[in-house]
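*Asks:* Handing you a structure now.
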Amino acid sequence: MYDSHSGKRLAMFWNPIGDKVVRCNLCQHRCRIPEGRMGVCGVRGNIDGRLYTFVFEKAVAVHVDPIEKKPLFHVFPGSMAFSVATVGCNFRCQFCQNWDISQLNAFKKSSHEIKPSDFPGEYLPVNRIIELTKSYGCKSIAYTYTEPTIFYEYAFETAKLAHKNGILNLFVTNGYITPEALEHISPYLDAANVDLKGFNPQFYKKKIGARLDRLLESLKAYKKLGIWLEVTTLVVPGYDDDEKNFHKIAQFIRDELGVETPWHISRFFPNYKMNDVPPTDIRILRKARKIGLDEGLRYVYSGNVPGDEGENTYCYQCGKLLIRRHGFEVVENNMVNGKCPRCGAPIDGIGMDHLQTRHSNYWMV
Ligand code: SF4
């Protein structure tokens with residue numbers, strides 16, 4: 001059933017729908033996959049009427065990162081996250097920052113022709129991830145860089161073992177998972193940073209290849225299942241940078257996810273198929289941050305602008321500076337037992353009484 005060197009393994013979340021055709025129910029695309037074909041993500045294929053993943057225990061990127069890089073600012077600030085990815089993605093973002101590992105041509109092939117070499121990466125078994133996480137002193141494992149939903153089987157097995165070892169699990173995700181797949185992993189999933197790339201259904205359809213309404217439902221499901229949630233919006237000039245858009249996102253977070261949900265507003269840099277678009281004007285990011293705060297969100301951050309005051313955490317009640325950051329580093333932490341030292345307001349998140357202030361970055365692959 002599983003060949004450890006090829007990464008091939010029988011997939012979870014699918015059902016036969018007749019004539020050797022299967023339906024994959026892992027992500028919201030719910031691909032209908034005829035015999036011999038691959039799904040949209042390019043890493044799941046139908047062989048003889050059964051659905052397989054081809055990236056189980058096949059890691060393409062493995063780093064030890066500050067948790068601030070995910071970004072998850074309200075989960076053990078200053079700690080390190082063991083970070084892992086396979087190739088593949090179920091989105092087609094034209095501005096993808098990791099397109100070299102997320103976008104594959106394998107989905108164009110017949111699943112019978114798939115070879116291990118179609119999926120770059122190295123054999124990294126689940127138990128080895130746990131060993132490495134411990135040896136590098138990481139508090140958590142982040143499933144990140146590409147889309148963790150599409151390497152679900154790998155993440156699920158790792159997450160189960162991680163919890164047995166007292167390690168947290170984090171998804172950095174586009175959020176396009178089905179409710180049933182999310183619920184199944186939720187007992188082991190502690191926190192997630194979910195991208196909300198604007199509030200325009202046409203933008204999602206044309207530039208990303210996905211449906212906004214399904215993503216919004218998924219965000220609500222994360223919240224309902226008790227998974228700590230932070231939201232990131234990459235502001236692409238000319239596409240999702242108008243004020244109305246920022247108001248709509250902030251209102252959705254406030255009304256559906258809660259004022260305690262941190263919102264990260266990130267600066268875009270030209271990339272992949274959007275090399276002709278300029279970087280986001282920092283004034284726009286600041287305006288968006290102000291809109292988020294005015295709409296009542298407790299924590300609104302600027303991303304990709306090292307040194308900006310929008311990287312810091314302030315008390316939502318009295319305005320005191322609680323955590324000063326520079327890029328991915330926590331350089332000052334004034335909280336006392338996870339509370340504001342001036343007014344005593346409890347600061348939302350997991351492990352906010354964690355007091356680590358500095359760290360370095362280890363690159364492994
Ligand atoms: S995980 Fe892949 S195969 Fe499954 S529905 Fe999503 S894109 Fe399709």
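If you're wondering about the labels, chains in the structure tokens are A, B, ... by order shown, residues count from 1 in each chain, ligands from 1 in order shown.
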Do a neighbour search on range 335-342 of chain A at 8 Å with only C-alpha atoms, toss out local chain neighbours closer than 2 positions, and write the hits as a VMD selection string.
*Replies:* chain A and resid 315 318 320 322 to 323 333 344 to 347 351 to 354
*Asks:* Which residues are near ligand 1 - at most 9 Å, using only C-alpha atoms and all ligand atoms? Format: as an MDAnalysis selection string.
*Replies:* chainID A and resid 13:14 23:33 38:45 51 53 88:91 149:152 176:178
*Asks:* Near Arg37 in chain A, within 7 Å and counting only C-alpha atoms, which residues show up once chain neighbours fewer than 5 positions away are dropped, as a PDB file with all heavy atoms, in the first residue's frame?
*Replies:*
ATOM      1  N   GLY A  45      -3.500  11.105  -7.597  1.00  0.00           N
ATOM      2  CA  GLY A  45      -3.908  10.543  -8.880  1.00  0.00           C
ATOM      3  C   GLY A  45      -4.674   9.251  -8.731  1.00  0.00           C
ATOM      4  O   GLY A  45      -4.540   8.526  -7.736  1.00  0.00           O
ATOM      5  N   ASN A  46      -5.480   8.990  -9.749  1.00  0.00           N
ATOM      6  CA  ASN A  46      -6.338   7.799  -9.793  1.00  0.00           C
ATOM      7  C   ASN A  46      -5.622   6.694 -10.553  1.00  0.00           C
ATOM      8  O   ASN A  46      -5.329   6.835 -11.737  1.00  0.00           O
ATOM      9  CB  ASN A  46      -7.661   8.184 -10.474  1.00  0.00           C
ATOM     10  CG  ASN A  46      -8.629   7.015 -10.584  1.00  0.00           C
ATOM     11  OD1 ASN A  46      -8.261   5.851 -10.431  1.00  0.00           O
ATOM     12  ND2 ASN A  46      -9.878   7.346 -10.868  1.00  0.00           N
ATOM     13  N   SER A 110      -0.552  11.386 -17.196  1.00  0.00           N
ATOM     14  CA  SER A 110      -1.395  10.277 -16.751  1.00  0.00           C
ATOM     15  C   SER A 110      -0.819   9.777 -15.425  1.00  0.00           C
ATOM     16  O   SER A 110       0.402   9.748 -15.244  1.00  0.00           O
ATOM     17  CB  SER A 110      -1.349   9.159 -17.785  1.00  0.00           C
ATOM     18  OG  SER A 110      -1.719   7.956 -17.163  1.00  0.00           O
ATOM     19  N   SER A 111      -1.671   9.381 -14.506  1.00  0.00           N
ATOM     20  CA  SER A 111      -1.176   8.883 -13.219  1.00  0.00           C
ATOM     21  C   SER A 111      -0.379   7.588 -13.381  1.00  0.00           C
ATOM     22  O   SER A 111       0.408   7.221 -12.528  1.00  0.00           O
ATOM     23  CB  SER A 111      -2.331   8.697 -12.232  1.00  0.00           C
ATOM     24  OG  SER A 111      -3.306   7.869 -12.799  1.00  0.00           O
TER      25      SER A 111
END
*Asks:* So how far away is CA of Thr261 in chain A from CA of Glu329 in chain A, in Å?
*Replies:*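 According to the coordinates, CA of Glu329 in chain A and CA of Thr261 in chain A are separated by 21.0 Å.
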*Asks:* Can you pull out the residues contacting Phe76 in chain A? Cut-off 12 Å, using only C-alpha atoms, and skip same-chain residues under 5 positions away; I want them as a compact mmCIF listing (two decimals) with C-alpha atoms, in the first residue's frame.
*Replies:*
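So the final result, stored in part07.txt, reads:
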# COMPACT_ATOMS: atom_id res chain seq x y z
CA PRO A 66 10.96 31.64 14.03
CA ILE A 67 7.22 31.20 14.55
CA GLU A 68 6.91 34.90 13.64
CA PRO A 71 3.32 34.49 10.75
CA ALA A 81 8.84 26.06 14.50
CA CYS A 138 11.21 23.63 18.51
CA LYS A 139 7.86 23.99 20.27
CA SER A 140 5.88 23.30 17.13
CA ILE A 167 4.67 19.31 20.23
CA LEU A 168 2.15 21.76 18.71
CA LEU A 170 0.50 24.62 12.87
CA ASP A 190 -3.44 23.77 17.43
CA ALA A 191 -3.20 26.86 15.26
CA TRP A 228 -6.29 29.25 17.11
CA ILE A 323 6.01 42.89 22.16
CA VAL A 330 11.08 39.32 19.11
CA ASN A 333 8.59 41.30 25.51
CA GLY A 338 0.54 36.71 29.33
CA ILE A 347 -3.52 38.90 25.67
CA ASP A 348 -5.18 36.37 23.38
CA GLY A 349 -3.36 33.38 21.98
CA ILE A 350 -1.55 30.21 23.01
CA GLY A 351 1.48 30.33 25.29
CA MET A 352 1.49 34.12 25.51
CA ASP A 353 3.35 33.88 28.82
CA HIS A 354 6.32 32.46 26.91
CA LEU A 355 9.16 34.92 27.36
CA GLN A 356 11.78 34.09 24.76
CA THR A 357 13.10 37.24 23.08
*Asks:* Counting only C-alpha atoms, which residue out of A:Tyr188, A:Tyr301, A:Phe268, A:Phe328 sits closest to Val236 in chain A?
*Replies:*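 Going through A:Tyr188, A:Tyr301, A:Phe268, A:Phe328 one by one, the smallest distance to Val236 in chain A is for A:Phe268.
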*Asks:* Using only C-alpha atoms, pick whichever of A:Glu256, A:Asp240, A:Asp118, A:Asp308 has the shortest atom-to-atom distance to Leu219 in chain A.
*Replies:*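 The closest residue to Leu219 in chain A is A:Glu256.
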*Asks:* Neighbouring residues of Glu230 in chain A were defined as those with any atom within 10 Å, considering only C-alpha atoms; residues of the same chain fewer than 4 positions away were excluded. Please report them as an MDAnalysis selection string.
*Replies:* chainID A and resid 70:75 172 191:195 219 223 253 257 260:264 299 349
*Asks:* Those same residues - N, CA and C atoms - I'd like them written as a JSON list (two decimals), in the first residue's frame.
*Replies:*
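Once everything was written out, this is out01.json:
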[["chain", "number", "residue", "atom", "x", "y", "z"],
["A", 70, "LYS", "N", 5.75, 32.62, 10.22],
["A", 70, "LYS", "CA", 4.61, 31.89, 9.61],
["A", 70, "LYS", "C", 3.56, 32.81, 9.00],
["A", 71, "PRO", "N", 3.10, 33.95, 9.42],
["A", 71, "PRO", "CA", 3.32, 34.49, 10.75],
["A", 71, "PRO", "C", 2.24, 34.03, 11.73],
["A", 72, "LEU", "N", 2.70, 33.61, 12.93],
["A", 72, "LEU", "CA", 1.78, 33.34, 14.04],
["A", 72, "LEU", "C", 2.35, 34.11, 15.23],
["A", 73, "PHE", "N", 1.84, 35.30, 15.44],
["A", 73, "PHE", "CA", 2.39, 36.20, 16.47],
["A", 73, "PHE", "C", 1.82, 35.90, 17.86],
["A", 74, "HIS", "N", 0.75, 35.10, 17.90],
["A", 74, "HIS", "CA", 0.09, 34.85, 19.19],
["A", 74, "HIS", "C", 0.17, 33.39, 19.60],
["A", 75, "VAL", "N", 1.23, 32.71, 19.20],
["A", 75, "VAL", "CA", 1.47, 31.33, 19.61],
["A", 75, "VAL", "C", 2.93, 31.26, 20.07],
["A", 172, "VAL", "N", -0.02, 26.57, 7.86],
["A", 172, "VAL", "CA", 0.03, 27.86, 7.17],
["A", 172, "VAL", "C", -0.60, 27.57, 5.81],
["A", 191, "ALA", "N", -3.08, 25.49, 15.77],
["A", 191, "ALA", "CA", -3.20, 26.86, 15.26],
["A", 191, "ALA", "C", -3.02, 26.87, 13.75],
["A", 192, "ALA", "N", -3.57, 27.91, 13.14],
["A", 192, "ALA", "CA", -3.41, 28.06, 11.69],
["A", 192, "ALA", "C", -3.33, 29.52, 11.31],
["A", 193, "ASN", "N", -2.50, 29.80, 10.35],
["A", 193, "ASN", "CA", -2.55, 31.10, 9.69],
["A", 193, "ASN", "C", -3.17, 30.86, 8.32],
["A", 194, "VAL", "N", -4.31, 31.48, 8.09],
["A", 194, "VAL", "CA", -5.04, 31.26, 6.84],
["A", 194, "VAL", "C", -4.98, 32.53, 5.99],
["A", 195, "ASP", "N", -4.67, 32.35, 4.72],
["A", 195, "ASP", "CA", -4.65, 33.48, 3.79],
["A", 195, "ASP", "C", -6.07, 33.88, 3.42],
["A", 219, "LEU", "N", -12.95, 29.24, 6.88],
["A", 219, "LEU", "CA", -12.41, 30.06, 7.98],
["A", 219, "LEU", "C", -13.31, 29.96, 9.22],
["A", 223, "LYS", "N", -12.54, 28.31, 13.14],
["A", 223, "LYS", "CA", -12.86, 28.99, 14.39],
["A", 223, "LYS", "C", -13.76, 28.12, 15.27],
["A", 253, "ILE", "N", -13.69, 39.43, 9.75],
["A", 253, "ILE", "CA", -12.91, 38.86, 10.86],
["A", 253, "ILE", "C", -13.60, 39.19, 12.18],
["A", 257, "LEU", "N", -15.12, 35.74, 13.03],
["A", 257, "LEU", "CA", -14.00, 35.01, 13.65],
["A", 257, "LEU", "C", -13.67, 35.54, 15.04],
["A", 260, "GLU", "N", -10.53, 38.98, 18.61],
["A", 260, "GLU", "CA", -9.23, 38.51, 19.10],
["A", 260, "GLU", "C", -8.38, 37.88, 17.99],
["A", 261, "THR", "N", -8.96, 37.71, 16.80],
["A", 261, "THR", "CA", -8.22, 37.07, 15.70],
["A", 261, "THR", "C", -7.23, 38.07, 15.09],
["A", 262, "PRO", "N", -5.94, 37.79, 15.16],
["A", 262, "PRO", "CA", -4.96, 38.72, 14.57],
["A", 262, "PRO", "C", -5.07, 38.76, 13.05],
["A", 263, "TRP", "N", -4.90, 39.96, 12.51],
["A", 263, "TRP", "CA", -4.93, 40.14, 11.05],
["A", 263, "TRP", "C", -3.57, 40.69, 10.62],
["A", 264, "HIS", "N", -2.90, 39.96, 9.73],
["A", 264, "HIS", "CA", -1.60, 40.36, 9.20],
["A", 264, "HIS", "C", -1.80, 40.90, 7.79],
["A", 299, "TYR", "N", -5.77, 43.07, 17.24],
["A", 299, "TYR", "CA", -4.37, 42.94, 16.83],
["A", 299, "TYR", "C", -4.30, 43.00, 15.30],
["A", 349, "GLY", "N", -4.28, 34.25, 22.69],
["A", 349, "GLY", "CA", -3.36, 33.38, 21.98],
["A", 349, "GLY", "C", -3.03, 32.13, 22.78]]
*Asks:* Identify, with DSSP run on backbone atoms, the residues in range 153-253 of chain A assigned to strand (DSSP E), and express the list as a VMD selection string.
*Replies:* chain A and resid 168 to 173 191 to 195 228 to 235
*Asks:* Quote the spacing between CA of Ser135 in chain A and CA of Phe171 in chain A in Å to one decimal place.
*Replies:*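 Separating CA of Ser135 in chain A from CA of Phe171 in chain A is a distance of 21.1 Å.
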*Asks:* Would you return as a ChimeraX atom specification the members of range 143-251 of chain A that DSSP assigns to alpha helix (DSSP H) on this structure's backbone?
*Replies:* /A:152-164,179-185,201-203,212-224,243-251
*Asks:* Could you state the separation of CA of Pro237 in chain A and CA of Thr280 in chain A in Å, given to one decimal place?
*Replies:* 5.7 Å
*Asks:* Which residue is closest to Ala210 in chain A? Choose from A:Val300, A:Val305, A:Cys93, A:Val277 and count only C-alpha atoms.
*Replies:*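 Of all the options, A:Cys93 lies closest to Ala210 in chain A.
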*Asks:* I'd like to know which of A:Val60, A:Leu216, A:Ile101, A:Leu132 is closest to Val231 in chain A, using only C-alpha atoms.
*Replies:*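 Checking each of A:Val60, A:Leu216, A:Ile101, A:Leu132 against Val231 in chain A, counting only C-alpha atoms, the winner is A:Leu216.
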*Asks:* At a cut-off of 12 Å, using only C-alpha atoms, what residues contact Val55 in chain A? Leave out same-chain residues fewer than 6 positions from it and give the result as a PyMOL selection string.
*Replies:* chain A and resi 2-11+41-45+85-89+106+114-125+148-155
